[in-house]
There are 2 protein chains.
Amino acid sequence: MNDVIAFEDLPAGRIIPLGELVVDRDEMVDFARRFDPQPFHLDEDAGRDSIFGGLSASGWYTASLWMRVYVDAVLSGSTGQGSPGVRELRWLAPVFAGDRLAFEVEVLSARLSKSRPGLGLVEMRGTARRGDEVVYQFESTGMFGTRG
Amino acid sequence: MNDVIAFEDLPAGRIIPLGELVVDRDEMVDFARRFDPQPFHLDEDAGRDSIFGGLSASGWYTASLWMRVYVDAVLSGSTGQGSPGVRELRWLAPVFAGDRLAFEVEVLSARLSKSRPGLGLVEMRGTARRGDEVVYQFESTGMFGTRG
């Protein structure tokens with residue numbers, strides 16, 4: 001048994017919980033100040049007056065949090081070689097400071113690359129939930145080396 | 001003439017240049033250390049040995065840089081009310097420290113919301129180029145208030 005996660009360890013249907021975290025208000029606002037300084041991501045009053053009903057996280061912050069837990073739980077101990085992109089990324093509900101989010105990845109399909117020997121392409125769906133509510137979801141392709 | 005960018009100012013076909021920037025190595029690596037600590041985003045040697053051929057930016061960093069210039073050039077002076085999501089986000093080439101990137105947004109289509117009076121939905125394509133090469137591209141829906 002090898003501890004490294006390789007292409008062969010990611011069959012269709014496998015679901016990997018990525019852990020939970022509580023959204024930190026200071027980091028959430030710092031991220032918005034640098035990368036997404038829209039008023040409803042920076043200021044309580046502007047948030048309350050917005051379509052989101054409160055000071056909400058930049059969607060790119062939520063995406064970045066997902067990525068971090070995925071790296072920690074999967075990629076850092078894997079043959080992962082990056083990703084060419086993402087499809088159907090959806091911010092389904094606003095995320096607020098103090099929210100406890102639970103993260104998950106599910107393998108949708110997996111196949112060997114035809115052009116690159118030793119490389120597999122894994123289609124996956126990433127999710128973040130607050131309780132039973134999905135707040136963030138996307139599909140992506142991950143490239144993973146085989147054990148061979 | 002109103003200086004605020006509203007739904008009516010974003011007809012299909014409009015292309016808005018979002019400016020240029022040079023990728024800062026320290027910030028690029030800091031972002032990866034926090035959100036995407038894969039070796040090829042942190043370390044020169046690991047980058048050189050990776051599929052990317054060099055120390056490369058996290059794709060989420062590139063996405064966040066695009067967002068910042070879009071906020072500065074469009075959203076901050078607009079009736080923008082966020083976005084429900086992104087489709088077909090593609091990291092077409094690795095991004096390296098020192099790269100000069102040029103950013104752009106193009107309106108693909110625009111329509112009024114049927115369910116929310118005073119709100120328009122704008123389909124757009126965001127792009128980042130290094131010279132003539134597209135390194136990052138995605139399509140997204142933006143929600144913008146009308147002038148009414």
# chains A, B, ... in the order shown; residues from 1 in each chain; ligands from 1

$ residues_around --residues "stretch 45-48 of chain A" --least-positions-apart "5" --cutoff "12 Å" --atoms "only C-alpha atoms" --output "count of residues only"
17

$ residues_around --residues "stretch 2-9 of chain B" --least-positions-apart "5" --cutoff "7 Å" --atoms "only C-alpha atoms" --output "list in words"
Gly77, Ser78, Thr79, Gly120, Phe144, Gly145, Thr146 and Arg147 of chain B

$ residues_around --residues "A:Trp66" --least-positions-apart "6" --cutoff "9 Å" --atoms "only C-alpha atoms" --output "list in words"
Leu18, Phe103, Glu104, Gly126, Thr127, Ala128 and Tyr136 of chain A; Phe35 of chain B

$ interface_residues --of "chain B" --to "chain A" --cutoff "7 Å" --atoms "only C-alpha atoms" --output "ChimeraX atom specification"
/B:35-38,51,60,64-65,67-68,71,76,81,84-92

$ calpha_fit_and_write --fixed "chain A" --moving "chain B" --output "tab-separated table (two decimals) with N, CA and C atoms, in the first residue's frame"
chain	number	residue	atom	x	y	z
B	1	MET	N	0.89	-1.25	-0.02
B	1	MET	CA	0.05	-0.04	0.03
B	1	MET	C	0.94	1.20	0.01
B	2	ASN	N	0.60	2.09	-0.91
B	2	ASN	CA	1.33	3.34	-1.05
B	2	ASN	C	0.48	4.47	-0.46
B	3	ASP	N	1.07	5.36	0.33
B	3	ASP	CA	0.30	6.43	0.95
B	3	ASP	C	0.00	7.57	-0.01
B	4	VAL	N	0.76	7.66	-1.09
B	4	VAL	CA	0.53	8.73	-2.05
B	4	VAL	C	-0.75	8.44	-2.84
B	5	ILE	N	-1.58	9.47	-3.00
B	5	ILE	CA	-2.81	9.32	-3.78
B	5	ILE	C	-2.46	9.48	-5.25
B	6	ALA	N	-2.69	8.42	-6.03
B	6	ALA	CA	-2.41	8.45	-7.47
B	6	ALA	C	-3.72	8.28	-8.23
B	7	PHE	N	-3.60	8.38	-9.54
B	7	PHE	CA	-4.78	8.25	-10.41
B	7	PHE	C	-5.63	7.03	-10.03
B	8	GLU	N	-4.97	5.92	-9.76
B	8	GLU	CA	-5.70	4.68	-9.47
B	8	GLU	C	-6.56	4.76	-8.21
B	9	ASP	N	-6.26	5.72	-7.35
B	9	ASP	CA	-7.01	5.86	-6.09
B	9	ASP	C	-8.23	6.75	-6.22
B	10	LEU	N	-8.50	7.20	-7.43
B	10	LEU	CA	-9.58	8.17	-7.63
B	10	LEU	C	-10.60	7.66	-8.65
B	11	PRO	N	-11.25	6.56	-8.32
B	11	PRO	CA	-12.26	6.02	-9.24
B	11	PRO	C	-13.56	6.82	-9.16
B	12	ALA	N	-14.34	6.73	-10.22
B	12	ALA	CA	-15.64	7.39	-10.24
B	12	ALA	C	-16.45	6.97	-9.02
B	13	GLY	N	-17.07	7.94	-8.40
B	13	GLY	CA	-17.93	7.65	-7.25
B	13	GLY	C	-17.25	7.88	-5.92
B	14	ARG	N	-15.92	7.95	-5.90
B	14	ARG	CA	-15.25	8.16	-4.62
B	14	ARG	C	-15.54	9.58	-4.10
B	15	ILE	N	-15.93	9.67	-2.85
B	15	ILE	CA	-16.19	10.95	-2.19
B	15	ILE	C	-15.17	11.11	-1.08
B	16	ILE	N	-14.48	12.23	-1.08
B	16	ILE	CA	-13.46	12.49	-0.06
B	16	ILE	C	-13.86	13.74	0.73
B	17	PRO	N	-14.16	13.59	2.02
B	17	PRO	CA	-14.41	14.78	2.85
B	17	PRO	C	-13.10	15.55	3.02
B	18	LEU	N	-13.19	16.85	2.92
B	18	LEU	CA	-11.98	17.69	2.98
B	18	LEU	C	-11.89	18.48	4.28
B	19	GLY	N	-12.80	18.21	5.20
B	19	GLY	CA	-12.74	18.90	6.49
B	19	GLY	C	-13.64	20.12	6.54
B	20	GLU	N	-13.57	20.78	7.67
B	20	GLU	CA	-14.42	21.95	7.93
B	20	GLU	C	-13.55	23.12	8.35
B	21	LEU	N	-14.09	24.31	8.21
B	21	LEU	CA	-13.47	25.48	8.82
B	21	LEU	C	-14.51	26.56	9.05
B	22	VAL	N	-14.16	27.47	9.92
B	22	VAL	CA	-15.01	28.63	10.20
B	22	VAL	C	-14.42	29.82	9.48
B	23	VAL	N	-15.26	30.52	8.72
B	23	VAL	CA	-14.79	31.66	7.92
B	23	VAL	C	-14.33	32.79	8.83
B	24	ASP	N	-13.09	33.17	8.68
B	24	ASP	CA	-12.48	34.21	9.51
B	24	ASP	C	-12.77	35.59	8.92
B	25	ARG	N	-13.37	36.42	9.73
B	25	ARG	CA	-13.81	37.73	9.24
B	25	ARG	C	-12.64	38.59	8.74
B	26	ASP	N	-11.56	38.63	9.52
B	26	ASP	CA	-10.45	39.49	9.14
B	26	ASP	C	-9.84	39.04	7.82
B	27	GLU	N	-9.60	37.75	7.68
B	27	GLU	CA	-9.00	37.28	6.43
B	27	GLU	C	-9.96	37.47	5.25
B	28	MET	N	-11.23	37.22	5.51
B	28	MET	CA	-12.25	37.39	4.46
B	28	MET	C	-12.25	38.82	3.93
B	29	VAL	N	-12.20	39.77	4.83
B	29	VAL	CA	-12.23	41.18	4.42
B	29	VAL	C	-10.88	41.59	3.81
B	30	ASP	N	-9.78	41.08	4.37
B	30	ASP	CA	-8.46	41.38	3.78
B	30	ASP	C	-8.39	40.90	2.33
B	31	PHE	N	-8.91	39.70	2.10
B	31	PHE	CA	-8.90	39.16	0.74
B	31	PHE	C	-9.71	40.07	-0.18
B	32	ALA	N	-10.87	40.47	0.28
B	32	ALA	CA	-11.72	41.35	-0.55
B	32	ALA	C	-11.04	42.69	-0.80
B	33	ARG	N	-10.38	43.21	0.23
B	33	ARG	CA	-9.73	44.52	0.07
B	33	ARG	C	-8.67	44.44	-1.04
B	34	ARG	N	-7.97	43.31	-1.12
B	34	ARG	CA	-6.92	43.16	-2.11
B	34	ARG	C	-7.45	42.77	-3.50
B	35	PHE	N	-8.41	41.84	-3.52
B	35	PHE	CA	-8.77	41.23	-4.81
B	35	PHE	C	-10.19	41.52	-5.29
B	36	ASP	N	-11.06	41.94	-4.40
B	36	ASP	CA	-12.48	42.06	-4.80
B	36	ASP	C	-13.15	43.13	-3.96
B	37	PRO	N	-12.64	44.38	-4.06
B	37	PRO	CA	-13.10	45.43	-3.13
B	37	PRO	C	-14.45	46.03	-3.52
B	38	GLN	N	-15.46	45.18	-3.66
B	38	GLN	CA	-16.81	45.68	-3.82
B	38	GLN	C	-17.36	45.99	-2.42
B	39	PRO	N	-18.18	47.04	-2.32
B	39	PRO	CA	-18.60	47.51	-0.99
B	39	PRO	C	-19.22	46.40	-0.13
B	40	PHE	N	-20.02	45.53	-0.76
B	40	PHE	CA	-20.72	44.51	0.05
B	40	PHE	C	-19.78	43.41	0.55
B	41	HIS	N	-18.51	43.43	0.09
B	41	HIS	CA	-17.51	42.50	0.64
B	41	HIS	C	-16.63	43.17	1.70
B	42	LEU	N	-16.81	44.48	1.88
B	42	LEU	CA	-15.91	45.25	2.76
B	42	LEU	C	-16.61	45.84	3.97
B	43	ASP	N	-17.88	46.12	3.83
B	43	ASP	CA	-18.55	46.98	4.80
B	43	ASP	C	-19.90	46.39	5.21
B	44	GLU	N	-20.13	46.34	6.52
B	44	GLU	CA	-21.38	45.77	7.05
B	44	GLU	C	-22.62	46.44	6.46
B	45	ASP	N	-22.60	47.77	6.48
B	45	ASP	CA	-23.80	48.49	6.02
B	45	ASP	C	-24.05	48.24	4.54
B	46	ALA	N	-22.97	48.31	3.76
B	46	ALA	CA	-23.13	48.05	2.31
B	46	ALA	C	-23.59	46.62	2.08
B	47	GLY	N	-23.09	45.69	2.89
B	47	GLY	CA	-23.53	44.30	2.76
B	47	GLY	C	-25.01	44.15	3.06
B	48	ARG	N	-25.45	44.81	4.14
B	48	ARG	CA	-26.86	44.70	4.54
B	48	ARG	C	-27.78	45.27	3.46
B	49	ASP	N	-27.31	46.32	2.80
B	49	ASP	CA	-28.13	46.95	1.77
B	49	ASP	C	-28.04	46.24	0.43
B	50	SER	N	-27.19	45.22	0.32
B	50	SER	CA	-26.98	44.55	-0.97
B	50	SER	C	-27.93	43.37	-1.13
B	51	ILE	N	-27.86	42.78	-2.30
B	51	ILE	CA	-28.63	41.60	-2.63
B	51	ILE	C	-28.31	40.44	-1.68
B	52	PHE	N	-27.13	40.50	-1.02
B	52	PHE	CA	-26.69	39.40	-0.16
B	52	PHE	C	-27.22	39.50	1.27
B	53	GLY	N	-27.66	40.70	1.66
B	53	GLY	CA	-28.26	40.86	2.98
B	53	GLY	C	-27.27	40.90	4.13
B	54	GLY	N	-25.98	40.98	3.83
B	54	GLY	CA	-24.98	41.05	4.89
B	54	GLY	C	-23.59	41.13	4.28
B	55	LEU	N	-22.61	41.43	5.14
B	55	LEU	CA	-21.22	41.47	4.68
B	55	LEU	C	-20.83	40.07	4.24
B	56	SER	N	-20.56	39.91	2.94
B	56	SER	CA	-20.38	38.56	2.41
B	56	SER	C	-18.98	38.39	1.84
B	57	ALA	N	-18.55	37.15	1.78
B	57	ALA	CA	-17.23	36.82	1.25
B	57	ALA	C	-17.19	36.99	-0.26
B	58	SER	N	-16.06	37.44	-0.77
B	58	SER	CA	-15.81	37.33	-2.21
B	58	SER	C	-15.93	35.86	-2.61
B	59	GLY	N	-16.59	35.62	-3.74
B	59	GLY	CA	-16.67	34.25	-4.21
B	59	GLY	C	-15.30	33.64	-4.47
B	60	TRP	N	-14.33	34.48	-4.80
B	60	TRP	CA	-12.98	33.97	-5.05
B	60	TRP	C	-12.29	33.59	-3.75
B	61	TYR	N	-12.72	34.19	-2.66
B	61	TYR	CA	-12.21	33.77	-1.36
B	61	TYR	C	-12.75	32.38	-1.01
B	62	THR	N	-14.03	32.20	-1.21
B	62	THR	CA	-14.61	30.87	-0.95
B	62	THR	C	-13.92	29.82	-1.83
B	63	ALA	N	-13.70	30.16	-3.09
B	63	ALA	CA	-13.01	29.23	-3.99
B	63	ALA	C	-11.60	28.92	-3.49
B	64	SER	N	-10.94	29.94	-2.97
B	64	SER	CA	-9.56	29.75	-2.49
B	64	SER	C	-9.54	28.91	-1.21
B	65	LEU	N	-10.54	29.10	-0.36
B	65	LEU	CA	-10.63	28.25	0.84
B	65	LEU	C	-10.84	26.79	0.46
B	66	TRP	N	-11.71	26.57	-0.52
B	66	TRP	CA	-11.92	25.18	-0.98
B	66	TRP	C	-10.60	24.60	-1.47
B	67	MET	N	-9.87	25.39	-2.23
B	67	MET	CA	-8.60	24.88	-2.78
B	67	MET	C	-7.65	24.50	-1.66
B	68	ARG	N	-7.57	25.32	-0.62
B	68	ARG	CA	-6.64	25.03	0.45
B	68	ARG	C	-6.94	23.69	1.13
B	69	VAL	N	-8.20	23.47	1.45
B	69	VAL	CA	-8.51	22.21	2.13
B	69	VAL	C	-8.31	21.02	1.20
B	70	TYR	N	-8.52	21.23	-0.08
B	70	TYR	CA	-8.29	20.17	-1.07
B	70	TYR	C	-6.79	19.85	-1.19
B	71	VAL	N	-5.97	20.87	-1.20
B	71	VAL	CA	-4.52	20.63	-1.21
B	71	VAL	C	-4.12	19.85	0.04
B	72	ASP	N	-4.60	20.30	1.19
B	72	ASP	CA	-4.21	19.64	2.44
B	72	ASP	C	-4.68	18.18	2.49
B	73	ALA	N	-5.90	17.94	2.05
B	73	ALA	CA	-6.47	16.59	2.23
B	73	ALA	C	-6.12	15.65	1.09
B	74	VAL	N	-5.86	16.17	-0.08
B	74	VAL	CA	-5.65	15.30	-1.25
B	74	VAL	C	-4.34	15.61	-1.96
B	75	LEU	N	-4.22	16.82	-2.51
B	75	LEU	CA	-3.12	17.07	-3.45
B	75	LEU	C	-1.74	16.97	-2.84
B	76	SER	N	-1.61	17.40	-1.58
B	76	SER	CA	-0.26	17.46	-1.01
B	76	SER	C	0.37	16.08	-0.88
B	77	GLY	N	-0.46	15.06	-0.77
B	77	GLY	CA	0.08	13.70	-0.74
B	77	GLY	C	-0.37	12.93	-1.95
B	78	SER	N	-0.14	13.51	-3.13
B	78	SER	CA	-0.68	12.89	-4.35
B	78	SER	C	0.29	13.08	-5.51
B	79	THR	N	-0.06	12.46	-6.61
B	79	THR	CA	0.68	12.63	-7.86
B	79	THR	C	0.07	13.75	-8.70
B	80	GLY	N	-0.70	14.63	-8.07
B	80	GLY	CA	-1.40	15.70	-8.78
B	80	GLY	C	-0.47	16.61	-9.57
B	81	GLN	N	-0.89	16.96	-10.77
B	81	GLN	CA	-0.09	17.80	-11.64
B	81	GLN	C	-0.89	18.98	-12.18
B	82	GLY	N	-1.78	19.48	-11.35
B	82	GLY	CA	-2.50	20.68	-11.73
B	82	GLY	C	-3.81	20.39	-12.43
B	83	SER	N	-4.39	21.46	-12.95
B	83	SER	CA	-5.72	21.38	-13.55
B	83	SER	C	-5.81	22.36	-14.71
B	84	PRO	N	-6.41	21.94	-15.82
B	84	PRO	CA	-6.57	22.88	-16.94
B	84	PRO	C	-7.75	23.84	-16.76
B	85	GLY	N	-8.65	23.54	-15.83
B	85	GLY	CA	-9.75	24.47	-15.69
B	85	GLY	C	-10.92	23.94	-14.89
B	86	VAL	N	-11.96	24.75	-14.87
B	86	VAL	CA	-13.14	24.52	-14.05
B	86	VAL	C	-14.37	24.78	-14.91
B	87	ARG	N	-15.41	24.02	-14.64
B	87	ARG	CA	-16.69	24.25	-15.32
B	87	ARG	C	-17.77	24.48	-14.28
B	88	GLU	N	-18.74	25.26	-14.63
B	88	GLU	CA	-19.96	25.38	-13.82
B	88	GLU	C	-19.66	25.70	-12.36
B	89	LEU	N	-18.86	26.71	-12.17
B	89	LEU	CA	-18.58	27.17	-10.81
B	89	LEU	C	-19.75	28.04	-10.36
B	90	ARG	N	-20.36	27.65	-9.26
B	90	ARG	CA	-21.57	28.37	-8.80
B	90	ARG	C	-21.46	28.79	-7.35
B	91	TRP	N	-21.71	30.07	-7.14
B	91	TRP	CA	-21.83	30.60	-5.77
B	91	TRP	C	-23.33	30.61	-5.46
B	92	LEU	N	-23.78	29.57	-4.78
B	92	LEU	CA	-25.22	29.34	-4.66
B	92	LEU	C	-25.86	30.12	-3.52
B	93	ALA	N	-25.06	30.53	-2.57
B	93	ALA	CA	-25.57	31.35	-1.46
B	93	ALA	C	-24.41	32.18	-0.95
B	94	PRO	N	-24.70	33.36	-0.43
B	94	PRO	CA	-23.60	34.17	0.12
B	94	PRO	C	-22.98	33.48	1.33
B	95	VAL	N	-21.70	33.72	1.50
B	95	VAL	CA	-20.95	33.18	2.65
B	95	VAL	C	-20.62	34.35	3.57
B	96	PHE	N	-20.82	34.14	4.86
B	96	PHE	CA	-20.62	35.20	5.84
B	96	PHE	C	-19.53	34.83	6.84
B	97	ALA	N	-18.93	35.85	7.43
B	97	ALA	CA	-17.95	35.61	8.49
B	97	ALA	C	-18.58	34.78	9.60
B	98	GLY	N	-17.82	33.82	10.11
B	98	GLY	CA	-18.33	32.97	11.18
B	98	GLY	C	-19.04	31.73	10.69
B	99	ASP	N	-19.35	31.68	9.41
B	99	ASP	CA	-19.98	30.47	8.86
B	99	ASP	C	-19.04	29.27	9.03
B	100	ARG	N	-19.60	28.14	9.44
B	100	ARG	CA	-18.83	26.90	9.44
B	100	ARG	C	-19.12	26.18	8.12
B	101	LEU	N	-18.08	26.00	7.34
B	101	LEU	CA	-18.22	25.36	6.03
B	101	LEU	C	-17.60	23.97	6.06
B	102	ALA	N	-18.27	23.02	5.42
B	102	ALA	CA	-17.75	21.66	5.26
B	102	ALA	C	-17.47	21.44	3.78
B	103	PHE	N	-16.31	20.93	3.48
B	103	PHE	CA	-15.83	20.81	2.10
B	103	PHE	C	-15.74	19.34	1.69
B	104	GLU	N	-15.90	19.12	0.41
B	104	GLU	CA	-15.91	17.74	-0.10
B	104	GLU	C	-15.50	17.75	-1.56
B	105	VAL	N	-14.92	16.63	-1.99
B	105	VAL	CA	-14.70	16.43	-3.41
B	105	VAL	C	-15.24	15.05	-3.78
B	106	GLU	N	-15.88	14.97	-4.94
B	106	GLU	CA	-16.43	13.71	-5.43
B	106	GLU	C	-15.87	13.44	-6.82
B	107	VAL	N	-15.39	12.24	-7.05
B	107	VAL	CA	-14.89	11.88	-8.38
B	107	VAL	C	-16.08	11.52	-9.27
B	108	LEU	N	-16.19	12.20	-10.39
B	108	LEU	CA	-17.29	11.95	-11.33
B	108	LEU	C	-16.90	10.92	-12.37
B	109	SER	N	-15.67	10.99	-12.83
B	109	SER	CA	-15.17	10.02	-13.81
B	109	SER	C	-13.65	10.11	-13.83
B	110	ALA	N	-13.04	9.08	-14.38
B	110	ALA	CA	-11.57	9.04	-14.42
B	110	ALA	C	-11.15	8.25	-15.65
B	111	ARG	N	-10.15	8.77	-16.36
B	111	ARG	CA	-9.67	8.06	-17.55
B	111	ARG	C	-8.19	8.38	-17.75
B	112	LEU	N	-7.52	7.47	-18.41
B	112	LEU	CA	-6.11	7.71	-18.73
B	112	LEU	C	-6.01	8.67	-19.91
B	113	SER	N	-4.98	9.52	-19.88
B	113	SER	CA	-4.73	10.41	-21.01
B	113	SER	C	-4.28	9.59	-22.22
B	114	LYS	N	-4.80	9.94	-23.38
B	114	LYS	CA	-4.34	9.26	-24.60
B	114	LYS	C	-3.01	9.81	-25.07
B	115	SER	N	-2.78	11.08	-24.81
B	115	SER	CA	-1.58	11.72	-25.35
B	115	SER	C	-0.39	11.67	-24.40
B	116	ARG	N	-0.64	11.56	-23.10
B	116	ARG	CA	0.46	11.57	-22.14
B	116	ARG	C	0.46	10.27	-21.34
B	117	PRO	N	1.35	9.36	-21.67
B	117	PRO	CA	1.43	8.11	-20.89
B	117	PRO	C	1.75	8.42	-19.43
B	118	GLY	N	1.13	7.68	-18.55
B	118	GLY	CA	1.40	7.88	-17.12
B	118	GLY	C	0.59	8.99	-16.49
B	119	LEU	N	-0.31	9.58	-17.27
B	119	LEU	CA	-1.15	10.66	-16.73
B	119	LEU	C	-2.63	10.27	-16.83
B	120	GLY	N	-3.36	10.54	-15.77
B	120	GLY	CA	-4.79	10.30	-15.79
B	120	GLY	C	-5.55	11.60	-15.58
B	121	LEU	N	-6.75	11.64	-16.14
B	121	LEU	CA	-7.60	12.83	-16.02
B	121	LEU	C	-8.81	12.49	-15.16
B	122	VAL	N	-8.99	13.22	-14.11
B	122	VAL	CA	-10.04	12.93	-13.14
B	122	VAL	C	-11.03	14.09	-13.12
B	123	GLU	N	-12.27	13.78	-13.50
B	123	GLU	CA	-13.32	14.80	-13.42
B	123	GLU	C	-13.90	14.76	-12.02
B	124	MET	N	-14.01	15.91	-11.40
B	124	MET	CA	-14.48	15.92	-10.02
B	124	MET	C	-15.43	17.07	-9.78
B	125	ARG	N	-16.21	16.92	-8.71
B	125	ARG	CA	-17.10	17.99	-8.29
B	125	ARG	C	-16.70	18.41	-6.88
B	126	GLY	N	-16.41	19.69	-6.74
B	126	GLY	CA	-16.08	20.22	-5.43
B	126	GLY	C	-17.28	20.92	-4.83
B	127	THR	N	-17.46	20.79	-3.52
B	127	THR	CA	-18.63	21.36	-2.86
B	127	THR	C	-18.23	21.97	-1.52
B	128	ALA	N	-18.87	23.07	-1.18
B	128	ALA	CA	-18.80	23.60	0.19
B	128	ALA	C	-20.22	23.76	0.69
B	129	ARG	N	-20.45	23.25	1.90
B	129	ARG	CA	-21.79	23.32	2.49
B	129	ARG	C	-21.74	24.05	3.83
B	130	ARG	N	-22.85	24.76	4.10
B	130	ARG	CA	-23.09	25.32	5.43
B	130	ARG	C	-24.30	24.56	5.96
B	131	GLY	N	-24.04	23.64	6.89
B	131	GLY	CA	-25.12	22.72	7.28
B	131	GLY	C	-25.51	21.90	6.06
B	132	ASP	N	-26.80	21.87	5.76
B	132	ASP	CA	-27.27	21.09	4.60
B	132	ASP	C	-27.25	21.89	3.30
B	133	GLU	N	-26.92	23.16	3.39
B	133	GLU	CA	-27.04	24.05	2.24
B	133	GLU	C	-25.73	24.10	1.45
B	134	VAL	N	-25.81	23.82	0.17
B	134	VAL	CA	-24.63	23.98	-0.68
B	134	VAL	C	-24.44	25.46	-0.99
B	135	VAL	N	-23.30	26.00	-0.60
B	135	VAL	CA	-23.05	27.42	-0.86
B	135	VAL	C	-22.12	27.63	-2.06
B	136	TYR	N	-21.39	26.59	-2.42
B	136	TYR	CA	-20.38	26.71	-3.49
B	136	TYR	C	-20.20	25.34	-4.11
B	137	GLN	N	-20.18	25.31	-5.44
B	137	GLN	CA	-19.97	24.03	-6.12
B	137	GLN	C	-19.36	24.28	-7.49
B	138	PHE	N	-18.53	23.35	-7.91
B	138	PHE	CA	-17.95	23.46	-9.24
B	138	PHE	C	-17.50	22.09	-9.71
B	139	GLU	N	-17.25	21.99	-10.99
B	139	GLU	CA	-16.67	20.78	-11.55
B	139	GLU	C	-15.33	21.14	-12.17
B	140	SER	N	-14.39	20.22	-12.06
B	140	SER	CA	-13.04	20.51	-12.52
B	140	SER	C	-12.38	19.23	-12.99
B	141	THR	N	-11.34	19.39	-13.77
B	141	THR	CA	-10.51	18.26	-14.19
B	141	THR	C	-9.19	18.33	-13.45
B	142	GLY	N	-8.83	17.24	-12.80
B	142	GLY	CA	-7.51	17.15	-12.17
B	142	GLY	C	-6.64	16.19	-12.93
B	143	MET	N	-5.36	16.53	-13.06
B	143	MET	CA	-4.39	15.64	-13.72
B	143	MET	C	-3.57	14.95	-12.64
B	144	PHE	N	-3.54	13.62	-12.70
B	144	PHE	CA	-2.80	12.84	-11.69
B	144	PHE	C	-1.93	11.80	-12.39
B	145	GLY	N	-0.72	11.67	-11.91
B	145	GLY	CA	0.15	10.61	-12.39
B	145	GLY	C	-0.36	9.24	-11.95
B	146	THR	N	-0.08	8.24	-12.76
B	146	THR	CA	-0.40	6.87	-12.38
B	146	THR	C	0.72	6.30	-11.50
B	147	ARG	N	0.45	5.17	-10.88
B	147	ARG	CA	1.49	4.53	-10.07
B	147	ARG	C	2.61	3.95	-10.93
B	148	GLY	N	2.30	3.74	-12.18
B	148	GLY	CA	3.21	2.96	-13.04
B	148	GLY	C	4.61	3.55	-13.16

$ select_by_dssp --residues "chain B" --states "strand (DSSP E or B)" --output "PyMOL selection string"
chain B and resi 5+15-22+56+78+80+85-91+96+100-112+119-130+133-145

$ select_by_dssp --residues "chain A" --states "helix (DSSP H, G or I)" --output "count of residues only"
41
